[in-house]
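Visitor: File my_file-v3.txt below, compact mmCIF, C-alpha atoms:
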# COMPACT_ATOMS: atom_id res chain seq x y z
CA MET I 1 102.48 -97.79 47.10
CA ALA I 2 104.85 -100.73 46.87
CA LYS I 3 107.15 -99.12 49.42
CA ARG I 4 104.30 -98.71 51.89
CA TYR I 5 103.33 -102.35 51.38
CA TYR I 6 106.82 -103.56 52.23
CA VAL I 7 106.96 -101.34 55.34
CA LEU I 8 103.69 -102.81 56.60
CA LEU I 9 104.91 -106.31 55.86
CA LEU I 10 108.14 -105.67 57.77
CA CYS I 11 106.20 -104.32 60.76
CA PHE I 12 103.94 -107.36 60.75
CA PHE I 13 106.99 -109.63 60.64
CA LEU I 14 108.61 -107.82 63.58
CA VAL I 15 105.43 -108.05 65.64
CA CYS I 16 105.16 -111.82 64.98
CA LEU I 17 108.84 -112.35 65.81
CA THR I 18 108.47 -110.43 69.08
CA ALA I 19 105.42 -112.49 70.03
CA ILE I 20 107.24 -115.76 69.30
CA LEU I 21 110.23 -114.68 71.39
CA LEU I 22 107.98 -113.71 74.31
CA ILE I 23 106.18 -117.06 74.20
CA PHE I 24 109.46 -118.99 74.02
CA THR I 25 110.96 -117.04 76.92
CA HIS I 26 107.85 -117.59 79.06
CA GLN I 27 107.74 -121.32 78.41
CA ASN I 28 111.40 -121.83 79.33
CA ALA I 29 111.52 -119.53 82.34
CA PRO I 30 111.87 -121.30 85.69
CA ILE I 31 108.50 -121.77 87.39
CA SER I 32 108.30 -120.41 90.91
CA PHE I 33 106.30 -122.65 93.31
CA GLN I 34 105.16 -121.51 96.71
CA PRO I 35 106.81 -123.99 99.10
CA VAL I 36 104.37 -126.15 101.09
CA GLU I 37 105.01 -125.87 104.80
CA LYS I 38 105.20 -129.32 106.44
CA TYR I 39 103.56 -130.00 109.78
CA ASN I 40 106.16 -130.62 112.47
CA ILE I 41 105.15 -133.47 114.78
CA ARG I 42 107.20 -134.72 117.73
CA ILE I 43 106.73 -138.39 118.66
CA ILE I 44 107.76 -139.26 122.22
CA LEU I 45 107.62 -142.97 123.04
CA LYS I 46 108.35 -144.82 126.28
CA SER I 47 111.65 -146.50 125.47
CA SER I 48 114.49 -146.44 122.95
CA ALA I 49 115.82 -149.82 124.10
CA PRO I 50 115.75 -152.69 121.58
CA THR I 51 113.26 -154.52 123.79
CA PRO I 52 110.35 -154.61 123.98
CA ALA I 53 110.04 -154.79 120.19
CA PHE I 54 106.62 -153.14 120.51
CA TRP I 55 108.06 -149.61 120.30
CA ARG I 56 110.16 -150.37 117.22
CA ILE I 57 106.98 -151.47 115.44
CA VAL I 58 105.15 -148.32 116.57
CA GLU I 59 108.02 -146.33 115.07
CA GLN I 60 107.64 -148.20 111.77
CA GLY I 61 104.02 -147.08 111.61
CA VAL I 62 105.08 -143.48 112.30
CA ASP I 63 107.65 -143.64 109.51
CA VAL I 64 105.15 -144.89 106.93
CA ALA I 65 102.57 -142.27 107.91
CA SER I 66 105.11 -139.43 107.85
CA LYS I 67 105.96 -140.27 104.23
CA GLU I 68 102.38 -140.78 103.16
CA PHE I 69 101.10 -137.54 104.67
CA GLU I 70 104.32 -135.61 103.92
CA VAL I 71 104.90 -134.40 107.46
CA SER I 72 108.06 -134.08 109.54
CA CYS I 73 108.14 -136.57 112.43
CA GLN I 74 110.97 -136.72 114.95
CA VAL I 75 110.89 -139.78 117.23
CA THR I 76 112.52 -139.69 120.66
CA ALA I 77 112.27 -141.75 123.85
CA PRO I 78 114.09 -142.26 127.14
CA LYS I 79 116.33 -145.30 127.45
CA SER I 80 113.86 -147.24 129.59
CA GLU I 81 110.14 -147.23 130.31
CA ILE I 82 110.68 -146.36 133.96
CA ASP I 83 112.63 -143.16 133.22
CA VAL I 84 109.64 -140.89 133.79
CA GLU I 85 111.77 -137.82 134.52
CA GLY I 86 113.66 -138.44 131.29
CA GLN I 87 110.41 -138.50 129.33
CA ILE I 88 109.17 -135.33 131.02
CA LYS I 89 112.41 -133.65 129.98
CA LEU I 90 111.87 -134.78 126.37
CA VAL I 91 108.40 -133.26 126.38
CA GLU I 92 109.81 -130.01 127.80
CA GLU I 93 112.41 -129.95 125.03
CA ALA I 94 109.71 -130.58 122.43
CA ILE I 95 107.59 -127.71 123.76
CA ALA I 96 110.59 -125.37 123.47
CA GLN I 97 110.85 -126.27 119.77
CA LYS I 98 107.18 -125.31 119.25
CA PRO I 99 106.03 -128.23 117.06
CA ASP I 100 102.52 -128.28 115.63
CA ALA I 101 101.69 -131.44 117.59
CA ILE I 102 103.13 -133.88 120.12
CA VAL I 103 102.28 -137.60 120.03
CA LEU I 104 103.03 -139.07 123.47
CA ALA I 105 103.06 -142.59 124.91
CA ALA I 106 102.98 -141.55 128.56
CA ALA I 107 105.38 -143.39 130.88
CA ASP I 108 103.29 -142.39 133.90
CA TYR I 109 99.56 -141.72 133.92
CA ASP I 110 99.71 -138.93 136.53
CA ARG I 111 103.24 -137.49 136.45
CA LEU I 112 103.09 -136.55 132.74
CA ALA I 113 99.87 -134.57 133.23
CA GLY I 114 101.58 -131.29 134.20
CA VAL I 115 103.87 -131.07 131.19
CA CYS I 116 101.01 -132.11 128.89
CA LYS I 117 98.94 -129.22 130.25
CA LYS I 118 101.85 -126.89 129.53
CA ALA I 119 102.08 -128.08 125.92
CA VAL I 120 98.38 -127.60 125.23
CA GLU I 121 98.35 -124.17 126.85
CA GLN I 122 101.08 -123.11 124.42
CA GLY I 123 98.93 -124.07 121.46
CA ILE I 124 100.49 -127.47 120.73
CA ARG I 125 98.06 -130.24 119.83
CA LEU I 126 98.47 -133.32 122.04
CA ILE I 127 97.71 -136.87 120.91
CA THR I 128 98.35 -139.78 123.28
CA VAL I 129 99.19 -143.21 121.89
CA ASP I 130 99.11 -146.63 123.61
CA SER I 131 99.36 -145.19 127.15
CA ASP I 132 97.02 -142.37 128.10
CA VAL I 133 97.65 -139.51 130.50
CA ASN I 134 95.53 -138.05 133.29
CA TYR I 135 94.71 -134.84 131.39
CA ASP I 136 91.41 -134.26 129.58
CA LYS I 137 92.45 -131.46 127.19
CA LYS I 138 94.29 -133.75 124.77
CA SER I 139 92.96 -133.86 121.21
CA CYS I 140 92.83 -137.63 120.81
CA PHE I 141 93.86 -141.00 122.25
CA VAL I 142 95.01 -143.76 119.88
CA GLY I 143 95.28 -147.27 121.29
CA ILE I 144 93.31 -150.19 122.61
CA ASP I 145 90.75 -150.51 125.37
CA ASN I 146 93.16 -151.90 127.97
CA TYR I 147 90.40 -152.85 130.39
CA GLU I 148 88.85 -154.95 127.62
CA LEU I 149 92.26 -156.53 126.99
CA GLY I 150 92.43 -157.45 130.68
CA LYS I 151 88.99 -159.01 130.35
CA LYS I 152 90.27 -161.15 127.45
CA LEU I 153 93.19 -162.27 129.64
CA ALA I 154 90.71 -163.29 132.37
CA GLN I 155 88.70 -165.36 129.91
CA GLN I 156 91.83 -167.23 128.83
CA VAL I 157 92.90 -167.92 132.41
CA ASP I 158 89.49 -169.43 133.12
CA LEU I 159 89.70 -171.57 129.97
CA LEU I 160 93.15 -172.94 130.83
CA ILE I 161 92.87 -173.75 134.55
CA GLY I 162 90.18 -174.73 137.01
CA PRO I 163 87.94 -172.23 138.87
CA GLU I 164 89.82 -172.75 142.13
CA GLU I 165 93.38 -173.05 140.80
CA GLN I 166 95.80 -170.21 141.50
CA PHE I 167 97.47 -167.86 139.05
CA GLY I 168 100.24 -165.25 139.29
CA VAL I 169 100.77 -162.00 137.41
CA ILE I 170 103.90 -160.16 136.25
CA GLY I 171 103.20 -156.62 135.05
CA HIS I 172 105.42 -154.03 133.39
CA VAL I 173 105.27 -150.62 135.13
CA SER I 174 102.72 -150.16 137.91
CA THR I 175 102.06 -146.45 137.20
CA VAL I 176 101.49 -146.82 133.46
CA PHE I 177 97.89 -146.57 132.25
CA THR I 178 98.14 -149.81 130.25
CA ALA I 179 99.24 -151.81 133.29
CA ILE I 180 96.61 -150.20 135.55
CA GLU I 181 93.74 -150.93 133.16
CA ARG I 182 94.87 -154.44 132.16
CA ARG I 183 95.26 -155.48 135.78
CA GLN I 184 91.81 -154.12 136.62
CA GLY I 185 90.18 -155.80 133.65
CA LEU I 186 91.83 -159.10 134.59
CA LEU I 187 90.94 -159.06 138.28
CA ASP I 188 87.39 -157.79 137.74
CA ASN I 189 86.56 -160.60 135.33
CA VAL I 190 88.50 -163.72 136.28
CA ARG I 191 86.50 -166.10 138.43
CA ASN I 192 87.16 -165.99 142.19
CA ALA I 193 90.07 -163.54 141.81
CA ASP I 194 90.16 -162.79 145.52
CA ARG I 195 90.98 -166.44 146.30
CA ARG I 196 92.95 -167.41 143.18
CA LEU I 197 95.42 -164.55 142.70
CA ALA I 198 98.61 -165.72 144.39
CA ASP I 199 100.75 -162.63 143.75
CA ILE I 200 101.37 -159.75 141.36
CA GLN I 201 104.79 -158.20 140.69
CA TYR I 202 106.06 -155.48 138.36
CA CYS I 203 109.27 -155.97 136.40
CA ASN I 204 109.68 -152.43 134.99
CA SER I 205 109.72 -154.00 131.51
CA SER I 206 112.90 -155.96 132.32
CA GLU I 207 112.90 -159.54 131.03
CA GLU I 208 115.58 -160.56 133.53
CA LEU I 209 113.69 -159.09 136.49
CA ALA I 210 110.49 -160.78 135.30
CA LYS I 211 112.38 -164.07 135.10
CA GLN I 212 113.64 -163.73 138.68
CA GLN I 213 110.21 -162.67 139.96
CA THR I 214 108.64 -165.69 138.27
CA ILE I 215 111.13 -168.07 139.87
CA GLU I 216 110.62 -166.55 143.33
CA MET I 217 106.82 -166.47 142.96
CA LEU I 218 106.59 -170.13 141.96
CA GLN I 219 108.92 -171.18 144.76
CA LYS I 220 106.74 -169.28 147.24
CA TYR I 221 103.42 -170.40 145.72
CA PRO I 222 103.96 -173.89 144.21
CA SER I 223 100.19 -174.30 143.70
CA ILE I 224 100.20 -171.69 140.87
CA ARG I 225 98.96 -173.26 137.64
CA CYS I 226 98.97 -170.22 135.33
CA MET I 227 101.15 -167.14 134.88
CA VAL I 228 99.94 -163.93 133.20
CA GLY I 229 102.32 -161.42 131.59
CA LEU I 230 100.86 -157.96 131.10
CA ASN I 231 103.29 -156.98 128.32
CA GLU I 232 105.95 -158.51 126.05
CA SER I 233 108.89 -158.15 128.45
CA SER I 234 107.05 -159.62 131.43
CA ALA I 235 105.76 -162.53 129.33
CA VAL I 236 109.23 -163.36 127.93
CA GLY I 237 110.65 -163.20 131.47
CA ILE I 238 107.96 -165.61 132.67
CA CYS I 239 108.88 -168.07 129.92
CA LYS I 240 112.57 -167.85 130.81
CA GLY I 241 111.78 -168.46 134.46
CA LEU I 242 109.60 -171.48 133.70
CA THR I 243 112.29 -172.91 131.43
CA GLU I 244 114.93 -172.55 134.15
CA LEU I 245 112.66 -174.28 136.67
CA GLY I 246 111.85 -177.09 134.26
CA LEU I 247 108.17 -176.12 134.29
CA ALA I 248 107.77 -175.00 130.66
CA GLY I 249 104.51 -176.44 129.34
CA LYS I 250 103.42 -177.52 132.83
CA ILE I 251 102.45 -174.05 134.04
CA LYS I 252 100.12 -172.31 131.57
CA VAL I 253 101.13 -168.90 130.22
CA VAL I 254 98.80 -166.11 129.08
CA ALA I 255 100.67 -163.18 127.54
CA CYS I 256 100.09 -159.71 126.14
CA ASP I 257 101.74 -158.59 122.91
CA SER I 258 103.96 -160.68 120.66
CA SER I 259 107.56 -160.94 119.53
CA THR I 260 109.75 -163.47 117.74
CA GLN I 261 110.63 -164.97 121.14
CA LEU I 262 107.01 -165.29 122.26
CA ILE I 263 106.03 -166.89 118.95
CA GLN I 264 108.86 -169.42 119.41
CA TYR I 265 107.70 -170.09 122.97
CA MET I 266 104.17 -170.68 121.66
CA GLU I 267 105.48 -173.11 119.02
CA MET I 268 107.34 -174.97 121.80
CA GLY I 269 104.22 -175.11 123.97
CA THR I 270 105.52 -172.78 126.70
CA VAL I 271 102.94 -170.08 125.87
CA GLN I 272 99.33 -171.16 125.35
CA VAL I 273 97.83 -167.83 124.31
CA PHE I 274 98.69 -164.18 123.80
CA VAL I 275 96.51 -161.16 123.16
CA VAL I 276 98.02 -159.20 120.30
CA GLN I 277 97.76 -155.46 119.80
CA ASN I 278 98.55 -153.63 116.57
CA PRO I 279 101.53 -151.37 117.38
CA PHE I 280 102.18 -150.58 113.71
CA ASN I 281 98.65 -149.25 113.37
CA MET I 282 99.05 -147.23 116.59
CA GLY I 283 102.04 -145.39 115.15
CA TYR I 284 100.42 -144.88 111.76
CA VAL I 285 97.03 -143.75 113.06
CA SER I 286 98.49 -141.38 115.68
CA VAL I 287 100.26 -139.42 112.92
CA LYS I 288 97.19 -139.57 110.67
CA GLN I 289 94.97 -138.24 113.46
CA ALA I 290 97.47 -135.47 114.23
CA VAL I 291 97.37 -134.34 110.59
CA ARG I 292 93.57 -134.37 110.52
CA ILE I 293 93.45 -132.32 113.72
CA LEU I 294 95.92 -129.78 112.33
CA GLN I 295 93.83 -129.54 109.16
CA GLY I 296 90.83 -128.60 111.27
CA LYS I 297 88.93 -131.82 110.57
CA LYS I 298 86.58 -133.31 113.13
CA ILE I 299 87.73 -136.60 114.68
CA ASP I 300 86.58 -138.88 117.47
CA PRO I 301 88.39 -138.30 120.80
CA ALA I 302 89.47 -141.96 120.89
CA PHE I 303 90.57 -144.37 118.15
CA ASP I 304 90.52 -148.05 119.18
CA THR I 305 93.19 -150.01 117.30
CA GLY I 306 91.87 -153.32 118.65
CA SER I 307 93.35 -156.56 120.02
CA VAL I 308 93.16 -160.21 118.95
CA VAL I 309 93.47 -163.48 120.89
CA VAL I 310 96.10 -165.76 119.30
CA THR I 311 96.58 -169.46 120.08
CA ARG I 312 98.55 -172.25 118.40
CA GLU I 313 95.38 -173.13 116.47
CA ASN I 314 95.08 -169.71 114.76
CA LEU I 315 98.74 -168.64 114.88
CA TYR I 316 99.28 -169.16 111.16
CA THR I 317 96.10 -167.63 109.77
CA GLN I 318 96.73 -164.92 107.19
CA GLU I 319 95.17 -162.16 109.29
CA ASN I 320 97.15 -163.04 112.41
CA GLN I 321 100.38 -163.30 110.44
CA LYS I 322 99.86 -159.69 109.33
CA LEU I 323 99.60 -158.66 112.99
CA LEU I 324 102.55 -160.74 114.14
CA PHE I 325 104.87 -159.79 111.29
CA PRO I 326 104.02 -156.24 110.15
CA PHE I 327 105.93 -154.95 107.13
CA THR I 328 106.50 -151.30 106.33
CA ASN I 329 106.24 -151.80 102.58
Would you encode the structure as structure tokens?
Guide:
Amino acid sequence: MAKRYYVLLLCFFLVCLTAILLIFTHQNAPISFQPVEKYNIRIILKSSAPTPAFWRIVEQGVDVASKEFEVSCQVTAPKSEIDVEGQIKLVEEAIAQKPDAIVLAAADYDRLAGVCKKAVEQGIRLITVDSDVNYDKKSCFVGIDNYELGKKLAQQVDLLIGPEEQFGVIGHVSTVFTAIERRQGLLDNVRNADRRLADIQYCNSSEELAKQQTIEMLQKYPSIRCMVGLNESSAVGICKGLTELGLAGKIKVVACDSSTQLIQYMEMGTVQVFVVQNPFNMGYVSVKQAVRILQGKKIDPAFDTGSVVVTRENLYTQENQKLLFPFTN
């Protein structure tokens, strides 16, 4: 009887020991996780040049969103905003890599339409940012209402000079959607535009060309009392031209966008007003919208990132400082 008792006890002990070993082995075994596949999003902007600073801030927004939403974002751009063929080639290269989505700031409203159609037909989601494209099968547009921005420019011109005084305009690239819409919004809403507009030139986003165009325009039309820059580069070029002519502060300046230079020109009295966009938000929201689209969520076809009128009086408000000096952290 005693022998049988000890045999049973030994069996019980062995069973318990086996169970403990199995539990220990299971707890210390490496855990196998199914890897999460990241969305692959290609971001194609207008320019990789250091100016205008606008595109560097857009890229900051992209970088923050890519980390927050844990997606892979590759940012590329041609060297200048007028290199339309270069941007088309970048889109072609992106299509060949079969990303989940392409975010595009179109360098030409019409000429990018064909390659955008090709991307969508191959199952790639297309989101346009800042500058739209003449193709209605895109998933979303992220940016401002550029016609409304032009209307804000017109209001500022009418506040700064008389209803019969002339003004001149320097734009960035004539075939870009932003320039087309801003010009139309300006000319449709400024008083007596048909009599007051002295001239309009396009600098292809070159500060130096904008400077030279400003000098030549003012020499040809000395009655001009206000100059309008339709983007950062054109506005900076206007300021440089006025400074060289000794007319800084005498000819009013209404500008789009902002930069360290434009803020300095405003502090010096060369620029009276600029209408500020939110390029950081454009970059961030374009990636966010791409992720939502890829997740099958319903979104609005357009996301307006808004614009704000900034003068010397409200330059240092907390809200405007956030727009003028965006931080990625």
Visitor: Between CA of Gly306 (chain I) and CA of Glu70 (chain I), what is the distance, to one decimal in Å?
Guide: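 Between CA of Gly306 (chain I) and CA of Glu70 (chain I) the gap is 26.2 Å.
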Visitor: If we count all atoms listed in the file and set the cut-off at 12 Å, which residues sit around Pro222 (chain I), ignoring sequence neighbours fewer than 5 positions away in its own chain? Please answer as a list of chain:residue names.
Guide: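 The neighbour list is I:Glu165, I:Gln166, I:Phe167, I:Gly168, I:Ala198, I:Asp199, I:Thr214, I:Ile215, I:Glu216, I:Met217, I:Met227, I:Leu245, I:Leu247, I:Lys250, I:Ile251.
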Visitor: Select from region 157-259 of chain I every residue with an atom at most 6 Å from any atom of region 107-126 of chain I, then for each give the shortest pair of atoms and their distance in Å to one decimal, using only C-alpha atoms, rows by chain and rising number, as a tab-separated table.
Guide:
residue	atom	partner	partner_atom	distance
I:Thr175	CA	I:Asp108	CA	5.4
I:Val176	CA	I:Asp108	CA	4.8
I:Phe177	CA	I:Tyr109	CA	5.4
Visitor: Env of region 75-88 of chain I: 6 Å cut, atoms = all atoms listed in the file, seq-sep filter 5 positions within chain, self excluded. Answer as a CSV table (one decimal) with C-alpha atoms, in the coordinates of the input.
Guide:
chain,number,residue,atom,x,y,z
I,43,ILE,CA,106.7,-138.4,118.7
I,44,ILE,CA,107.8,-139.3,122.2
I,45,LEU,CA,107.6,-143.0,123.0
I,46,LYS,CA,108.4,-144.8,126.3
I,47,SER,CA,111.6,-146.5,125.5
I,48,SER,CA,114.5,-146.4,123.0
I,49,ALA,CA,115.8,-149.8,124.1
I,107,ALA,CA,105.4,-143.4,130.9
Visitor: What's around Val253 (chain I) at 7 Å? Count all atoms listed in the file, leave out sequence neighbours fewer than 4 positions away in its own chain, and write the answer as a short mmCIF file (atom, residue, chain, number, x, y, z; two decimals) with C-alpha atoms, keeping the file's coordinate frame.
Guide:
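File written: out08.cif
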data_model
loop_
_atom_site.label_atom_id
_atom_site.label_comp_id
_atom_site.auth_asym_id
_atom_site.auth_seq_id
_atom_site.Cartn_x
_atom_site.Cartn_y
_atom_site.Cartn_z
CA CYS I 226 98.97 -170.22 135.33
CA MET I 227 101.15 -167.14 134.88
CA VAL I 228 99.94 -163.93 133.20
CA THR I 270 105.52 -172.78 126.70
CA VAL I 271 102.94 -170.08 125.87
CA GLN I 272 99.33 -171.16 125.35
CA VAL I 273 97.83 -167.83 124.31
#
Visitor: Of the candidates I:Val308, I:Ile144, I:Met266, I:Ala179, which one gets nearest to Cys239 (chain I) if we count all atoms listed in the file?
Guide: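 Ranking I:Val308, I:Ile144, I:Met266, I:Ala179 by distance to Cys239 (chain I), first place goes to I:Met266.
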Visitor: Give me the residues near Ala210 (chain I) as number ranges by chain, where near means some atom within 12 Å (using all atoms listed in the file) and where sequence neighbours in that chain fewer than 4 positions away do not count.
Guide: I: 168-173, 200-206, 214-217, 227-242
Visitor: Can you fill out region 59-92 of chain I with N, CA and C atoms and hand it back as an mmCIF file, in the coordinates of the input?
Guide:
data_model
loop_
_atom_site.group_PDB
_atom_site.id
_atom_site.type_symbol
_atom_site.label_atom_id
_atom_site.label_comp_id
_atom_site.auth_asym_id
_atom_site.auth_seq_id
_atom_site.Cartn_x
_atom_site.Cartn_y
_atom_site.Cartn_z
ATOM 1 N N GLU I 59 107.202 -147.280 115.832
ATOM 2 C CA GLU I 59 108.020 -146.330 115.070
ATOM 3 C C GLU I 59 107.936 -146.607 113.568
ATOM 4 N N GLN I 60 107.825 -147.867 113.182
ATOM 5 C CA GLN I 60 107.640 -148.200 111.770
ATOM 6 C C GLN I 60 106.350 -147.577 111.234
ATOM 7 N N GLY I 61 105.293 -147.674 112.024
ATOM 8 C CA GLY I 61 104.020 -147.080 111.610
ATOM 9 C C GLY I 61 104.120 -145.576 111.465
ATOM 10 N N VAL I 62 104.846 -144.932 112.376
ATOM 11 C CA VAL I 62 105.080 -143.480 112.300
ATOM 12 C C VAL I 62 105.808 -143.132 111.013
ATOM 13 N N ASP I 63 106.835 -143.912 110.701
ATOM 14 C CA ASP I 63 107.650 -143.640 109.510
ATOM 15 C C ASP I 63 106.825 -143.715 108.229
ATOM 16 N N VAL I 64 105.990 -144.738 108.122
ATOM 17 C CA VAL I 64 105.150 -144.890 106.930
ATOM 18 C C VAL I 64 104.169 -143.726 106.820
ATOM 19 N N ALA I 65 103.541 -143.351 107.940
ATOM 20 C CA ALA I 65 102.570 -142.270 107.910
ATOM 21 C C ALA I 65 103.222 -140.926 107.584
ATOM 22 N N SER I 66 104.434 -140.700 108.106
ATOM 23 C CA SER I 66 105.110 -139.430 107.850
ATOM 24 C C SER I 66 105.386 -139.245 106.358
ATOM 25 N N LYS I 67 105.712 -140.341 105.677
ATOM 26 C CA LYS I 67 105.960 -140.270 104.230
ATOM 27 C C LYS I 67 104.660 -140.120 103.457
ATOM 28 N N GLU I 68 103.650 -140.838 103.878
ATOM 29 C CA GLU I 68 102.380 -140.780 103.160
ATOM 30 C C GLU I 68 101.718 -139.414 103.264
ATOM 31 N N PHE I 69 101.761 -138.822 104.452
ATOM 32 C CA PHE I 69 101.100 -137.540 104.670
ATOM 33 C C PHE I 69 102.046 -136.348 104.535
ATOM 34 N N GLU I 70 103.308 -136.631 104.179
ATOM 35 C CA GLU I 70 104.320 -135.610 103.920
ATOM 36 C C GLU I 70 104.445 -134.622 105.086
ATOM 37 N N VAL I 71 104.683 -135.210 106.273
ATOM 38 C CA VAL I 71 104.900 -134.400 107.460
ATOM 39 C C VAL I 71 106.261 -134.749 108.060
ATOM 40 N N SER I 72 106.776 -133.854 108.881
ATOM 41 C CA SER I 72 108.060 -134.080 109.540
ATOM 42 C C SER I 72 107.815 -134.679 110.918
ATOM 43 N N CYS I 73 108.318 -135.886 111.144
ATOM 44 C CA CYS I 73 108.140 -136.570 112.430
ATOM 45 C C CYS I 73 109.505 -136.891 113.037
ATOM 46 N N GLN I 74 109.748 -136.394 114.228
ATOM 47 C CA GLN I 74 110.970 -136.720 114.950
ATOM 48 C C GLN I 74 110.611 -137.608 116.133
ATOM 49 N N VAL I 75 111.200 -138.812 116.178
ATOM 50 C CA VAL I 75 110.890 -139.780 117.230
ATOM 51 C C VAL I 75 111.980 -139.769 118.283
ATOM 52 N N THR I 76 111.588 -139.620 119.539
ATOM 53 C CA THR I 76 112.520 -139.690 120.660
ATOM 54 C C THR I 76 111.907 -140.535 121.771
ATOM 55 N N ALA I 77 112.742 -140.973 122.709
ATOM 56 C CA ALA I 77 112.270 -141.750 123.850
ATOM 57 C C ALA I 77 113.384 -141.850 124.873
ATOM 58 N N PRO I 78 113.043 -141.981 126.144
ATOM 59 C CA PRO I 78 114.090 -142.260 127.140
ATOM 60 C C PRO I 78 114.630 -143.669 126.943
ATOM 61 N N LYS I 79 115.707 -143.994 127.643
ATOM 62 C CA LYS I 79 116.330 -145.300 127.450
ATOM 63 C C LYS I 79 115.500 -146.446 127.994
ATOM 64 N N SER I 80 114.686 -146.175 129.019
ATOM 65 C CA SER I 80 113.860 -147.240 129.590
ATOM 66 C C SER I 80 112.475 -146.703 129.911
ATOM 67 N N GLU I 81 111.525 -147.623 130.059
ATOM 68 C CA GLU I 81 110.140 -147.230 130.310
ATOM 69 C C GLU I 81 109.923 -146.651 131.699
ATOM 70 N N ILE I 82 110.861 -146.881 132.604
ATOM 71 C CA ILE I 82 110.680 -146.360 133.960
ATOM 72 C C ILE I 82 111.337 -144.988 134.149
ATOM 73 N N ASP I 83 111.977 -144.468 133.118
ATOM 74 C CA ASP I 83 112.630 -143.160 133.220
ATOM 75 C C ASP I 83 111.591 -142.063 132.964
ATOM 76 N N VAL I 84 110.720 -141.871 133.934
ATOM 77 C CA VAL I 84 109.640 -140.890 133.790
ATOM 78 C C VAL I 84 110.194 -139.474 133.694
ATOM 79 N N GLU I 85 111.179 -139.169 134.547
ATOM 80 C CA GLU I 85 111.770 -137.820 134.520
ATOM 81 C C GLU I 85 112.432 -137.554 133.163
ATOM 82 N N GLY I 86 113.048 -138.595 132.597
ATOM 83 C CA GLY I 86 113.660 -138.440 131.290
ATOM 84 C C GLY I 86 112.626 -138.131 130.216
ATOM 85 N N GLN I 87 111.462 -138.771 130.308
ATOM 86 C CA GLN I 87 110.410 -138.500 129.330
ATOM 87 C C GLN I 87 109.821 -137.105 129.521
ATOM 88 N N ILE I 88 109.655 -136.692 130.759
ATOM 89 C CA ILE I 88 109.170 -135.330 131.020
ATOM 90 C C ILE I 88 110.120 -134.308 130.413
ATOM 91 N N LYS I 89 111.408 -134.551 130.551
ATOM 92 C CA LYS I 89 112.410 -133.650 129.980
ATOM 93 C C LYS I 89 112.296 -133.590 128.459
ATOM 94 N N LEU I 90 112.041 -134.743 127.833
ATOM 95 C CA LEU I 90 111.870 -134.780 126.370
ATOM 96 C C LEU I 90 110.652 -133.981 125.930
ATOM 97 N N VAL I 91 109.589 -134.049 126.714
ATOM 98 C CA VAL I 91 108.400 -133.260 126.380
ATOM 99 C C VAL I 91 108.691 -131.772 126.540
ATOM 100 N N GLU I 92 109.416 -131.415 127.596
ATOM 101 C CA GLU I 92 109.810 -130.010 127.800
ATOM 102 C C GLU I 92 110.631 -129.501 126.615
#
